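Chemist: A single structure is presented below for examination.
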Amino acid sequence: MKQILPRRILLRMSTMCFGLLMICTAGSIHASENASQSEPLYIYSFTGNPSVEHNLGVLPDILMALGEIPNKPLKQKMDAILSHRNREDRFREAFGCMPISEKPGGCSKIEFLSAVPFEGEWKPSSELLAAMQRDAVQTAWVLHVTEQFHVGGYFLSATATKIYSDANDKQKRARRVNAMYWTCYSKELDALRRSIDVKQKGVTPAFGSKEALAAFWYEGNPSRLESEIDKSPAALADMLSVLMTLPLGSRTVSPPEQLTKLPKLRTLDRAGVASCGGGYCSTWVRQEFPERILVEADWQGRPWLLSLPRWEK
């Protein structure tokens with residue numbers, strides 16, 4: 001299955017974010033009864049896939065629609081798994097106690113907003129502004145979380161936006177950081193699962209077939225899909241904990257002098273110890289694990305952290 005390019009992910013995320021807004025405010029109930037108080041945190045969440053416009057004059061839309069066909073049963077399975085999870089408890093547990101400032105102050109009360117937190121690109125929604133006025137806060141973090149099974153696999157991603165006011169500016173200003181946890185089917189992972197050589201011919205089911213995808217995602221107890229759904233919030237929280245404490249104005253996670261020393265993911269691909277495609281190949285490898293790789297990027301002029309499978313193809 002061919003992976004989706006980062007640019008497409010960015011475009012789709014901007015139009016169909018699945019989000020939760022968490023708010024931490026002074027005097028609020030803590031995520032832990034004995035925890036100290038942290039800054040306000042707001043969350044909005046959305047689950048679902050990008051809509052596909054069936055415009056015969058636009059080839060990418062046709063390819064997108066065709067690419068979604070094998071994902072429909074997997075998307076339905078994801079929805080079935082999530083129907084047995086309490087969304088608020090799931091994200092409260094993952095995000096409630098992560099540090100959200102340079103001087104972390106403990107756990108946060110989580111408040112879930114009912115609608116997208118921003119109108120257009122930057123304008124805070126009336127619901128978000130009302131919450132900040134109600135809690136008398138000048139600074140707050142907002143998480144816009146999206147969960148989907150889309151072309152390329154399972155995604156849990158978040159755009160974290162910090163709303164604040166300058167000393168001489170009554171208007172709300174903002175900064176953004178992004179994190180994404182992604183898991184996909186690959187022939188390499190499928191071969192490892194079956195303990196066979198990826199170059200072996202005549203295997204049944206064939207690599208990349210509908211039957212191979214079903215076995216890859218559904219086998220096991222819990223299944224791979226269920227396991228990824230359950231562990232992704234904590235993984236996303238770990239990345240956000242790094243991103244949200246970066247100095248204001250940071251475009252990358254690593255300082256420039258350290259960033260130039262990191263290898264690009266394409267280097268691992270060429271060495272045959274990982275694989276990548278599209279824009280992912282230009283990301284910097286921050287940390288390697290047996291099955292996953294943590295990379296960073298400066299897409300859209302702001303820092304990103306992404307947890308990717310070691311083998312994507």
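For the structure tokens, the naming scheme is as follows: chains receive sequential letters (A, B, ...) according to their order of presentation, residues are indexed from 1 within each chain, and ligands are indexed from 1 in presentation order.
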Determine which residues of range 140-217 of chain A receive a DSSP assignment of alpha helix (DSSP H), computed from the backbone, and state them as a ChimeraX atom specification.
Modeler: /A:187-194,210-217
Chemist: Just the selected residues (all heavy atoms), exported as a compact mmCIF listing (two decimals), in the first residue's frame, please.
Modeler:
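Listing of selection11.txt after writing:
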```txt
# COMPACT_ATOMS: atom_id res chain seq x y z
N LYS A 187 5.25 -4.69 3.29
CA LYS A 187 5.65 -6.05 2.93
C LYS A 187 6.72 -6.57 3.90
O LYS A 187 6.71 -7.75 4.28
CB LYS A 187 6.19 -6.09 1.50
CG LYS A 187 5.14 -5.81 0.44
CD LYS A 187 5.76 -5.87 -0.95
CE LYS A 187 4.72 -5.61 -2.03
NZ LYS A 187 5.31 -5.66 -3.40
N GLU A 188 7.62 -5.68 4.30
CA GLU A 188 8.70 -6.08 5.20
C GLU A 188 8.14 -6.54 6.54
O GLU A 188 8.53 -7.59 7.07
CB GLU A 188 9.66 -4.91 5.41
CG GLU A 188 10.92 -5.26 6.16
CD GLU A 188 11.93 -5.99 5.32
OE1 GLU A 188 12.00 -5.74 4.10
OE2 GLU A 188 12.68 -6.82 5.89
N LEU A 189 7.21 -5.77 7.10
CA LEU A 189 6.60 -6.14 8.38
C LEU A 189 5.77 -7.41 8.24
O LEU A 189 5.74 -8.25 9.14
CB LEU A 189 5.75 -4.99 8.91
CG LEU A 189 6.50 -3.76 9.43
CD1 LEU A 189 5.51 -2.68 9.82
CD2 LEU A 189 7.38 -4.13 10.61
N ASP A 190 5.08 -7.53 7.11
CA ASP A 190 4.28 -8.72 6.88
C ASP A 190 5.17 -9.96 6.79
O ASP A 190 4.85 -11.02 7.33
CB ASP A 190 3.47 -8.56 5.59
CG ASP A 190 2.38 -9.60 5.44
OD1 ASP A 190 2.19 -10.41 6.37
OD2 ASP A 190 1.70 -9.60 4.39
N ALA A 191 6.31 -9.81 6.12
CA ALA A 191 7.24 -10.94 6.01
C ALA A 191 7.82 -11.30 7.37
O ALA A 191 7.95 -12.50 7.71
CB ALA A 191 8.37 -10.59 5.04
N LEU A 192 8.14 -10.31 8.18
CA LEU A 192 8.64 -10.57 9.52
C LEU A 192 7.58 -11.29 10.35
O LEU A 192 7.88 -12.21 11.13
CB LEU A 192 9.05 -9.26 10.19
CG LEU A 192 10.31 -8.57 9.65
CD1 LEU A 192 10.48 -7.20 10.28
CD2 LEU A 192 11.53 -9.44 9.93
N ARG A 193 6.33 -10.84 10.21
CA ARG A 193 5.23 -11.48 10.95
C ARG A 193 5.11 -12.95 10.58
O ARG A 193 4.83 -13.80 11.43
CB ARG A 193 3.93 -10.74 10.62
CG ARG A 193 2.69 -11.29 11.31
CD ARG A 193 1.44 -10.60 10.79
NE ARG A 193 1.17 -10.91 9.40
CZ ARG A 193 0.51 -12.01 9.01
NH1 ARG A 193 0.10 -12.90 9.88
NH2 ARG A 193 0.30 -12.22 7.72
N ARG A 194 5.32 -13.28 9.30
CA ARG A 194 5.18 -14.65 8.83
C ARG A 194 6.49 -15.45 8.86
O ARG A 194 6.51 -16.63 8.50
CB ARG A 194 4.64 -14.64 7.39
CG ARG A 194 3.28 -14.02 7.23
CD ARG A 194 2.72 -14.40 5.87
NE ARG A 194 2.32 -13.25 5.10
CZ ARG A 194 1.86 -13.31 3.85
NH1 ARG A 194 1.79 -14.49 3.24
NH2 ARG A 194 1.50 -12.23 3.19
N LYS A 210 -5.73 -8.23 -0.16
CA LYS A 210 -6.77 -7.97 0.84
C LYS A 210 -6.65 -8.93 2.01
O LYS A 210 -6.80 -8.55 3.17
CB LYS A 210 -8.15 -8.08 0.20
CG LYS A 210 -9.31 -7.83 1.15
CD LYS A 210 -10.64 -7.84 0.42
CE LYS A 210 -10.95 -9.19 -0.20
NZ LYS A 210 -12.28 -9.22 -0.84
N GLU A 211 -6.36 -10.19 1.70
CA GLU A 211 -6.23 -11.21 2.75
C GLU A 211 -4.99 -10.94 3.63
O GLU A 211 -5.04 -11.13 4.84
CB GLU A 211 -6.13 -12.60 2.12
CG GLU A 211 -7.38 -13.06 1.40
CD GLU A 211 -7.57 -12.43 0.03
OE1 GLU A 211 -6.60 -11.80 -0.49
OE2 GLU A 211 -8.67 -12.54 -0.52
N ALA A 212 -3.90 -10.49 2.99
CA ALA A 212 -2.69 -10.20 3.74
C ALA A 212 -2.91 -9.01 4.68
O ALA A 212 -2.45 -9.02 5.83
CB ALA A 212 -1.53 -9.91 2.79
N LEU A 213 -3.61 -7.98 4.19
CA LEU A 213 -3.90 -6.83 5.05
C LEU A 213 -4.77 -7.22 6.23
O LEU A 213 -4.53 -6.79 7.37
CB LEU A 213 -4.59 -5.73 4.23
CG LEU A 213 -3.68 -4.63 3.67
CD1 LEU A 213 -2.75 -5.19 2.60
CD2 LEU A 213 -4.52 -3.49 3.09
N ALA A 214 -5.78 -8.05 5.98
CA ALA A 214 -6.68 -8.48 7.06
C ALA A 214 -5.90 -9.24 8.12
O ALA A 214 -6.08 -9.01 9.33
CB ALA A 214 -7.80 -9.34 6.49
N ALA A 215 -5.02 -10.17 7.67
CA ALA A 215 -4.23 -10.93 8.63
C ALA A 215 -3.28 -10.02 9.41
O ALA A 215 -3.10 -10.18 10.63
CB ALA A 215 -3.45 -12.02 7.91
N PHE A 216 -2.68 -9.05 8.72
CA PHE A 216 -1.73 -8.14 9.35
C PHE A 216 -2.40 -7.33 10.47
O PHE A 216 -1.84 -7.18 11.55
CB PHE A 216 -1.16 -7.20 8.28
CG PHE A 216 -0.17 -6.19 8.79
CD1 PHE A 216 1.15 -6.52 8.97
CD2 PHE A 216 -0.57 -4.89 9.09
CE1 PHE A 216 2.08 -5.59 9.43
CE2 PHE A 216 0.33 -3.95 9.55
CZ PHE A 216 1.66 -4.30 9.72
N TRP A 217 -3.59 -6.81 10.20
CA TRP A 217 -4.24 -5.92 11.15
C TRP A 217 -5.11 -6.64 12.18
O TRP A 217 -5.25 -6.17 13.31
CB TRP A 217 -5.09 -4.90 10.41
CG TRP A 217 -4.29 -3.85 9.70
CD1 TRP A 217 -4.11 -3.73 8.35
CD2 TRP A 217 -3.56 -2.77 10.28
NE1 TRP A 217 -3.31 -2.66 8.06
CE2 TRP A 217 -2.95 -2.05 9.22
CE3 TRP A 217 -3.35 -2.35 11.59
CZ2 TRP A 217 -2.16 -0.92 9.45
CZ3 TRP A 217 -2.56 -1.24 11.81
CH2 TRP A 217 -1.98 -0.53 10.76
```
Chemist: Could you build a table of the residues in range 197-242 of chain A lying no more than 9 Å from range 295-306 of chain A, giving for each the nearest pair of atoms and their separation in Å rounded to one decimal place, using only C-alpha atoms, ordered by chain and ascending residue number, as a tab-separated table?
Modeler:
```
residue	atom	partner	partner_atom	distance
A:Leu236	CA	A:Leu306	CA	8.7
A:Met239	CA	A:Leu305	CA	6.3
A:Leu240	CA	A:Leu305	CA	8.1
A:Val242	CA	A:Leu305	CA	8.8
```
Chemist: Sorted by chain and rising residue number, which residues of range 153-178 of chain A lie within 10 Å of range 116-136 of chain A, and what are their closest atom pairs and distances in Å to one decimal, counting only C-alpha atoms, as a tab-separated table?
Modeler:
```
residue	atom	partner	partner_atom	distance
A:Thr161	CA	A:Trp122	CA	9.3
A:Ile163	CA	A:Pro124	CA	8.6
A:Lys172	CA	A:Pro124	CA	8.2
A:Arg173	CA	A:Trp122	CA	8.3
A:Ala174	CA	A:Trp122	CA	7.4
A:Arg175	CA	A:Trp122	CA	9.4
A:Arg176	CA	A:Trp122	CA	10.0
```
Chemist: How many Å lie between CA of Ile100 in chain A and CA of Val142 in chain A, rounded to one decimal?
Modeler: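 Computing it gives 10.5 Å between the two atoms.
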Chemist: Using only C-alpha atoms, can you tell me which of A:Thr146, A:Thr252, A:Thr204, A:Thr283 comes closest to Thr159 in chain A?
Modeler: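 For Thr159 in chain A, the nearest of the candidates is A:Thr146.
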